[in-house]
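Raw contents of input13.pdb, PDB, C-alpha atoms:
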```pdb
ATOM      1  CA  MET P 243      14.418   1.466 -12.827
ATOM      2  CA  LYS P 244      15.475  -1.331 -10.468
ATOM      3  CA  MET P 245      13.137  -1.742  -7.507
ATOM      4  CA  LEU P 246      14.118  -5.186  -6.195
ATOM      5  CA  PRO P 247      16.664  -5.762  -3.415
ATOM      6  CA  ASN P 248      20.072  -6.938  -4.693
ATOM      7  CA  GLU P 249      20.023  -9.905  -2.301
ATOM      8  CA  LEU P 250      16.992 -11.273  -4.117
ATOM      9  CA  ASN P 251      19.194 -12.257  -7.062
ATOM     10  CA  GLN P 252      21.214 -14.462  -4.713
ATOM     11  CA  ALA P 253      18.117 -16.072  -3.204
ATOM     12  CA  LEU P 254      16.657 -16.810  -6.640
ATOM     13  CA  GLU P 255      19.775 -17.473  -8.696
ATOM     14  CA  GLU P 256      18.719 -20.943  -9.903
ATOM     15  CA  LYS P 257      17.561 -21.195 -13.522
ATOM     16  CA  ILE P 258      14.158 -22.556 -12.519
ATOM     17  CA  TYR P 259      13.256 -19.095 -11.198
ATOM     18  CA  ILE P 260      14.004 -17.184 -14.420
ATOM     19  CA  ARG P 261      10.880 -15.930 -16.225
ATOM     20  CA  GLU P 262      11.076 -16.967 -19.872
ATOM     21  CA  ASP P 263       7.972 -15.299 -21.307
ATOM     22  CA  LYS P 264       7.197 -11.838 -19.926
ATOM     23  CA  THR P 265       4.086 -11.477 -22.087
ATOM     24  CA  LEU P 266       2.385 -14.043 -19.839
ATOM     25  CA  VAL P 267       2.685 -11.574 -16.951
ATOM     26  CA  LYS P 268       1.331  -8.664 -18.974
ATOM     27  CA  ASN P 269      -1.585 -10.746 -20.248
ATOM     28  CA  ALA P 270      -2.496 -12.095 -16.788
ATOM     29  CA  LEU P 271      -2.538  -8.601 -15.285
ATOM     30  CA  ALA P 272      -4.734  -7.424 -18.149
ATOM     31  CA  ARG P 273      -7.160 -10.328 -17.585
ATOM     32  CA  LEU P 274      -7.244  -9.521 -13.860
ATOM     33  CA  GLU P 275      -7.798  -5.845 -14.708
ATOM     34  CA  VAL P 276      -5.261  -4.489 -12.220
ATOM     35  CA  LYS P 277      -2.389  -2.044 -12.274
ATOM     36  CA  VAL P 278       0.408  -3.193  -9.986
ATOM     37  CA  SER P 279       3.425  -1.480  -8.424
ATOM     38  CA  HIS P 280       6.706  -1.325 -10.297
ATOM     39  CA  THR P 281       8.186  -3.722  -7.723
ATOM     40  CA  PHE P 282       5.481  -6.337  -8.287
ATOM     41  CA  ALA P 283       5.811  -6.060 -12.075
ATOM     42  CA  GLU P 284       9.602  -6.252 -11.956
ATOM     43  CA  PHE P 285       9.529  -9.252  -9.607
ATOM     44  CA  TYR P 286       7.137 -11.329 -11.715
ATOM     45  CA  ASN P 287       8.702 -10.253 -15.011
ATOM     46  CA  ARG P 288      12.081 -11.402 -13.742
ATOM     47  CA  TYR P 289      11.157 -14.451 -11.639
ATOM     48  CA  ALA P 290       8.819 -17.420 -12.050
ATOM     49  CA  GLY P 291       7.579 -19.345  -9.036
ATOM     50  CA  PRO P 292       6.165 -20.796  -6.997
ATOM     51  CA  PHE P 293       8.492 -19.885  -4.148
ATOM     52  CA  TRP P 294       8.863 -21.271  -0.656
ATOM     53  CA  GLU P 295      10.841 -19.705   2.156
ATOM     54  CA  GLU P 296      10.674 -20.556   5.829
ATOM     55  CA  TYR P 297      10.529 -16.936   7.031
ATOM     56  CA  VAL P 298       6.890 -16.434   5.975
ATOM     57  CA  PRO P 299       5.068 -19.793   6.201
ATOM     58  CA  PHE P 300       3.153 -19.507   2.918
ATOM     59  CA  GLU P 301       4.017 -20.663  -0.568
ATOM     60  CA  LEU P 302       4.284 -17.534  -2.724
ATOM     61  CA  LEU P 303       2.503 -18.403  -5.941
ATOM     62  CA  ASP P 304       3.580 -17.528  -9.426
ATOM     63  CA  LEU P 305       1.344 -15.119 -11.291
ATOM     64  CA  VAL P 306       0.587 -17.488 -14.179
ATOM     65  CA  ASP P 307       2.720 -20.650 -14.098
ATOM     66  CA  GLU P 308       1.330 -23.915 -12.726
ATOM     67  CA  GLU P 309      -2.324 -24.712 -12.114
ATOM     68  CA  ASN P 310      -2.381 -23.064  -8.690
ATOM     69  CA  ASN P 311      -1.311 -19.484  -9.337
ATOM     70  CA  ILE P 312      -2.157 -15.911  -8.371
ATOM     71  CA  GLU P 313      -4.557 -15.485 -11.261
ATOM     72  CA  ALA P 314      -6.527 -18.660 -10.416
ATOM     73  CA  TYR P 315      -6.756 -17.986  -6.670
ATOM     74  CA  THR P 316      -7.657 -14.346  -7.240
ATOM     75  CA  LEU P 317     -10.547 -15.372  -9.475
ATOM     76  CA  ILE P 318     -11.701 -17.914  -6.868
ATOM     77  CA  CYS P 319     -11.673 -15.304  -4.084
ATOM     78  CA  ARG P 320     -13.497 -12.795  -6.270
ATOM     79  CA  LYS P 321     -16.227 -15.349  -6.936
ATOM     80  CA  GLU P 322     -16.424 -17.109  -3.546
ATOM     81  CA  TYR P 323     -15.700 -14.240  -1.136
ATOM     82  CA  GLY P 324     -16.644 -11.152  -3.135
ATOM     83  CA  PHE P 325     -13.120  -9.722  -3.200
ATOM     84  CA  PRO P 326     -12.982  -6.603  -5.398
ATOM     85  CA  LYS P 327     -10.609  -6.391  -8.357
ATOM     86  CA  GLN P 328      -7.945  -4.465  -6.452
ATOM     87  CA  TYR P 329      -6.953  -7.585  -4.451
ATOM     88  CA  LEU P 330      -4.542 -10.233  -5.718
ATOM     89  CA  ILE P 331      -4.215 -13.521  -3.833
ATOM     90  CA  LEU P 332      -0.499 -14.253  -3.453
ATOM     91  CA  SER P 333      -0.667 -17.667  -1.772
ATOM     92  CA  GLU P 334      -2.749 -20.783  -1.507
ATOM     93  CA  ILE P 335      -5.187 -20.815   1.375
ATOM     94  CA  SER P 336      -3.207 -22.333   4.236
ATOM     95  CA  ALA P 337      -4.590 -22.865   7.746
ATOM     96  CA  ASN P 338      -7.659 -20.905   6.631
ATOM     97  CA  ALA P 339      -5.516 -17.847   5.797
ATOM     98  CA  VAL P 340      -4.078 -16.254   2.679
ATOM     99  CA  LEU P 341      -1.667 -13.501   1.619
ATOM    100  CA  VAL P 342      -3.410 -10.648  -0.206
ATOM    101  CA  LEU P 343      -1.956  -7.701  -2.146
ATOM    102  CA  ASP P 344      -4.008  -4.514  -2.438
ATOM    103  CA  THR P 345      -2.935  -3.229  -5.848
ATOM    104  CA  LEU P 346      -4.220   0.286  -5.089
ATOM    105  CA  THR P 347      -2.093   0.800  -1.964
ATOM    106  CA  ASP P 348       0.626  -1.866  -2.462
ATOM    107  CA  ASN P 349      -0.156  -3.128   1.079
ATOM    108  CA  VAL P 350       0.188  -6.865   1.716
ATOM    109  CA  TYR P 351      -2.157  -8.487   4.219
ATOM    110  CA  LEU P 352      -2.272 -11.773   6.057
ATOM    111  CA  VAL P 353      -5.994 -12.487   5.892
ATOM    112  CA  ASN P 354      -7.762 -15.236   7.807
ATOM    113  CA  PHE P 355     -11.201 -16.406   6.807
ATOM    114  CA  GLU P 356     -12.515 -16.215  10.356
ATOM    115  CA  GLY P 357     -13.351 -12.512  10.196
ATOM    116  CA  GLY P 358     -10.157 -11.118   8.670
ATOM    117  CA  ASP P 359     -11.678 -11.261   5.206
ATOM    118  CA  GLU P 360     -14.621  -9.162   6.392
ATOM    119  CA  LEU P 361     -12.274  -6.609   7.976
ATOM    120  CA  LEU P 362     -10.271  -6.451   4.728
ATOM    121  CA  LEU P 363     -13.388  -5.823   2.668
ATOM    122  CA  LYS P 364     -14.494  -3.066   5.076
ATOM    123  CA  GLY P 365     -11.016  -1.455   4.934
ATOM    124  CA  GLU P 366     -10.442  -2.138   8.629
ATOM    125  CA  LEU P 367      -7.686  -4.763   8.478
ATOM    126  CA  GLU P 368      -4.205  -3.478   9.249
ATOM    127  CA  ALA P 369      -1.569  -4.255   6.630
ATOM    128  CA  THR P 370       1.019  -6.849   7.633
ATOM    129  CA  TRP P 371       3.568  -5.288   5.241
ATOM    130  CA  PRO P 372       3.273  -1.665   4.045
ATOM    131  CA  THR P 373       4.539  -2.470   0.535
ATOM    132  CA  PHE P 374       5.131  -5.438  -1.739
ATOM    133  CA  SER P 375       8.838  -4.594  -1.546
ATOM    134  CA  ASP P 376       8.759  -4.898   2.266
ATOM    135  CA  PHE P 377       6.918  -8.189   1.906
ATOM    136  CA  LEU P 378       9.629  -9.526  -0.460
ATOM    137  CA  LYS P 379      12.362  -8.466   1.972
ATOM    138  CA  SER P 380      10.631 -10.352   4.794
ATOM    139  CA  TYR P 381       9.735 -13.351   2.667
ATOM    140  CA  PHE P 382      13.208 -13.885   1.225
ATOM    141  CA  LYS P 383      15.036 -12.472   4.286
ATOM    142  CA  CYS P 384      16.979  -9.960   2.226
TER     143      CYS P 384
END
```

As structure tokens - that is how I would like this structure written.
Amino acid sequence: MKMLPNELNQALEEKIYIREDKTLVKNALARLEVKVSHTFAEFYNRYAGPFWEEYVPFELLDLVDEENNIEAYTLICRKEYGFPKQYLILSEISANAVLVLDTLTDNVYLVNFEGGDELLLKGELEATWPTFSDFLKSYFKC
């Protein structure tokens, strides 16, 4: 079942964005012990990052490729900030803020480390995007 917007194919049509080895995605999600939305799985099974678009001023990391990736940053935030397993870190920390996916709700948050992280952990931070799909539409302007 196709969950990604059609315009995304146009935005990411270059060969560098094509995921070659889908087992890397499956293995990373297993190591992180999370179950993600169909949209998230389809996106990272189809595309390899990192990605940069001007519409959301954060580099969207790849799940496993490169040294700085979602898996690495998620593990750092689990260790350093006590983030529970349901959260995936989608970006590098930029201007003391980060993009976070809640894998249980599919909400995406813009979290600052000047109190926003505490609100997130208490369940009091309002989602910036209600779904990962909405986040992708904003990020890639499609």

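Residues in contact with Arg320 (chain P) at up to 12 Å, not including ones fewer than 4 positions away on its chain and judged by all atoms listed in the file, are P:Leu274, P:Ile312, P:Glu313, P:Ala314, P:Tyr315, P:Thr316, P:Gly324, P:Phe325, P:Pro326, P:Lys327, P:Gln328, P:Tyr329, P:Leu330, P:Ile331, P:Val342, P:Asp359, P:Leu363.
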
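Shortest atom-to-atom contact with Lys383 (chain P) among P:Leu332, P:Val298, P:Leu303, P:Ile258: P:Val298, counting only C-alpha atoms.
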
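Nearest residue to Lys379 (chain P) among P:Arg288, P:Asn354, P:Tyr297, P:Lys268 is P:Tyr297, counting all atoms listed in the file.
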
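The residue that comes closest to Phe355 (chain P), out of P:Glu249, P:Asp263, P:Glu301, P:Glu322 and on the basis of all atoms listed in the file, is P:Glu322.
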
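Put simply, CA of Ala290 (chain P) is 5.9 Å away from CA of Asp304 (chain P).
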
Which residues are near Ala253 (chain P)? Cut-off 10 Å, all atoms listed in the file, ignore same chain within fewer than 4 positions. Put them as a JSON list (two decimals) with C-alpha atoms, keeping the file's coordinate frame.
```
[["chain", "number", "residue", "atom", "x", "y", "z"],
["P", 248, "ASN", "CA", 20.07, -6.94, -4.69],
["P", 249, "GLU", "CA", 20.02, -9.90, -2.30],
["P", 259, "TYR", "CA", 13.26, -19.10, -11.20],
["P", 295, "GLU", "CA", 10.84, -19.70, 2.16],
["P", 382, "PHE", "CA", 13.21, -13.88, 1.23],
["P", 383, "LYS", "CA", 15.04, -12.47, 4.29],
["P", 384, "CYS", "CA", 16.98, -9.96, 2.23]]
```

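Evaluated on this file, the PyMOL selection byres ((chain P and resi 277) around 12) matches Val267, Lys268, Asn269, Ala270, Leu271, Ala272, Arg273, Leu274, Glu275, Val276, Val278, Ser279, His280, Thr281, Phe282, Ala283, Lys327, Gln328, Tyr329, Leu330, Leu343, Asp344, Thr345, Leu346, Thr347 and Asp348 of chain P.
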
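Proximity to Phe374 (chain P) was assessed for P:Glu360, P:Asn311, P:Phe285, P:Glu256 counting only C-alpha atoms; the smallest distance is recorded for P:Phe285.
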
Find the smallest box with edges along x, y and z containing every listed atom of region 358-369 of chain P, then add 8 Å on each side and report centre and edge lengths in Å to one decimal, as lines of an AutoDock Vina configuration file.
```
center_x = -8.1
center_y = -6.4
center_z = 6.0
size_x = 29.1
size_y = 25.8
size_z = 22.6
```

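Note that CA of Asp307 (chain P) and CA of Tyr381 (chain P) are 19.6 Å apart.
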
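Proximity to Asp376 (chain P) was assessed for P:Asn349, P:Tyr323, P:Glu356, P:Leu362 counting only C-alpha atoms; the smallest distance is recorded for P:Asn349.
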
My structure is short of atoms at region 269-287 of chain P; please model N, CA, C and O atoms there, returning them as a compact mmCIF listing (two decimals), in the frame of the given file.
```
# COMPACT_ATOMS: atom_id res chain seq x y z
N ASN P 269 -0.26 -10.25 -19.89
CA ASN P 269 -1.58 -10.75 -20.25
C ASN P 269 -2.41 -11.11 -19.01
O ASN P 269 -3.61 -10.84 -18.96
N ALA P 270 -1.78 -11.72 -18.02
CA ALA P 270 -2.50 -12.10 -16.79
C ALA P 270 -2.98 -10.86 -16.05
O ALA P 270 -4.12 -10.80 -15.58
N LEU P 271 -2.14 -9.83 -15.97
CA LEU P 271 -2.54 -8.60 -15.28
C LEU P 271 -3.68 -7.91 -16.04
O LEU P 271 -4.59 -7.35 -15.42
N ALA P 272 -3.64 -7.99 -17.34
CA ALA P 272 -4.73 -7.42 -18.15
C ALA P 272 -6.03 -8.19 -17.90
O ALA P 272 -7.10 -7.58 -17.74
N ARG P 273 -5.96 -9.52 -17.85
CA ARG P 273 -7.16 -10.33 -17.58
C ARG P 273 -7.72 -10.04 -16.19
O ARG P 273 -8.93 -10.02 -15.98
N LEU P 274 -6.82 -9.81 -15.23
CA LEU P 274 -7.24 -9.52 -13.86
C LEU P 274 -7.69 -8.07 -13.69
O LEU P 274 -8.25 -7.70 -12.65
N GLU P 275 -7.40 -7.26 -14.70
CA GLU P 275 -7.80 -5.84 -14.71
C GLU P 275 -7.24 -5.06 -13.53
O GLU P 275 -7.95 -4.32 -12.85
N VAL P 276 -5.92 -5.22 -13.30
CA VAL P 276 -5.26 -4.49 -12.22
C VAL P 276 -4.00 -3.80 -12.74
O VAL P 276 -3.38 -4.24 -13.69
N LYS P 277 -3.66 -2.74 -12.05
CA LYS P 277 -2.39 -2.04 -12.27
C LYS P 277 -1.58 -2.27 -11.01
O LYS P 277 -2.05 -1.95 -9.90
N VAL P 278 -0.40 -2.83 -11.15
CA VAL P 278 0.41 -3.19 -9.99
C VAL P 278 1.60 -2.24 -9.84
O VAL P 278 1.94 -1.51 -10.76
N SER P 279 2.25 -2.31 -8.68
CA SER P 279 3.42 -1.48 -8.42
C SER P 279 4.57 -1.90 -9.33
O SER P 279 4.59 -3.02 -9.87
N HIS P 280 5.52 -1.01 -9.50
CA HIS P 280 6.71 -1.32 -10.30
C HIS P 280 7.45 -2.52 -9.71
O HIS P 280 7.98 -3.36 -10.44
N THR P 281 7.50 -2.61 -8.38
CA THR P 281 8.19 -3.72 -7.72
C THR P 281 7.52 -5.05 -8.05
O THR P 281 8.21 -6.02 -8.39
N PHE P 282 6.21 -5.10 -7.97
CA PHE P 282 5.48 -6.34 -8.29
C PHE P 282 5.74 -6.73 -9.74
O PHE P 282 6.06 -7.89 -10.04
N ALA P 283 5.60 -5.77 -10.65
CA ALA P 283 5.81 -6.06 -12.08
C ALA P 283 7.24 -6.52 -12.34
O ALA P 283 7.45 -7.50 -13.06
N GLU P 284 8.20 -5.86 -11.74
CA GLU P 284 9.60 -6.25 -11.96
C GLU P 284 9.86 -7.66 -11.41
O GLU P 284 10.53 -8.48 -12.05
N PHE P 285 9.32 -7.94 -10.22
CA PHE P 285 9.53 -9.25 -9.61
C PHE P 285 8.99 -10.36 -10.51
O PHE P 285 9.69 -11.32 -10.82
N TYR P 286 7.73 -10.25 -10.93
CA TYR P 286 7.14 -11.33 -11.72
C TYR P 286 7.59 -11.34 -13.17
O TYR P 286 7.49 -12.37 -13.83
N ASN P 287 8.10 -10.24 -13.67
CA ASN P 287 8.70 -10.25 -15.01
C ASN P 287 10.08 -10.90 -14.99
O ASN P 287 10.51 -11.47 -15.98
```
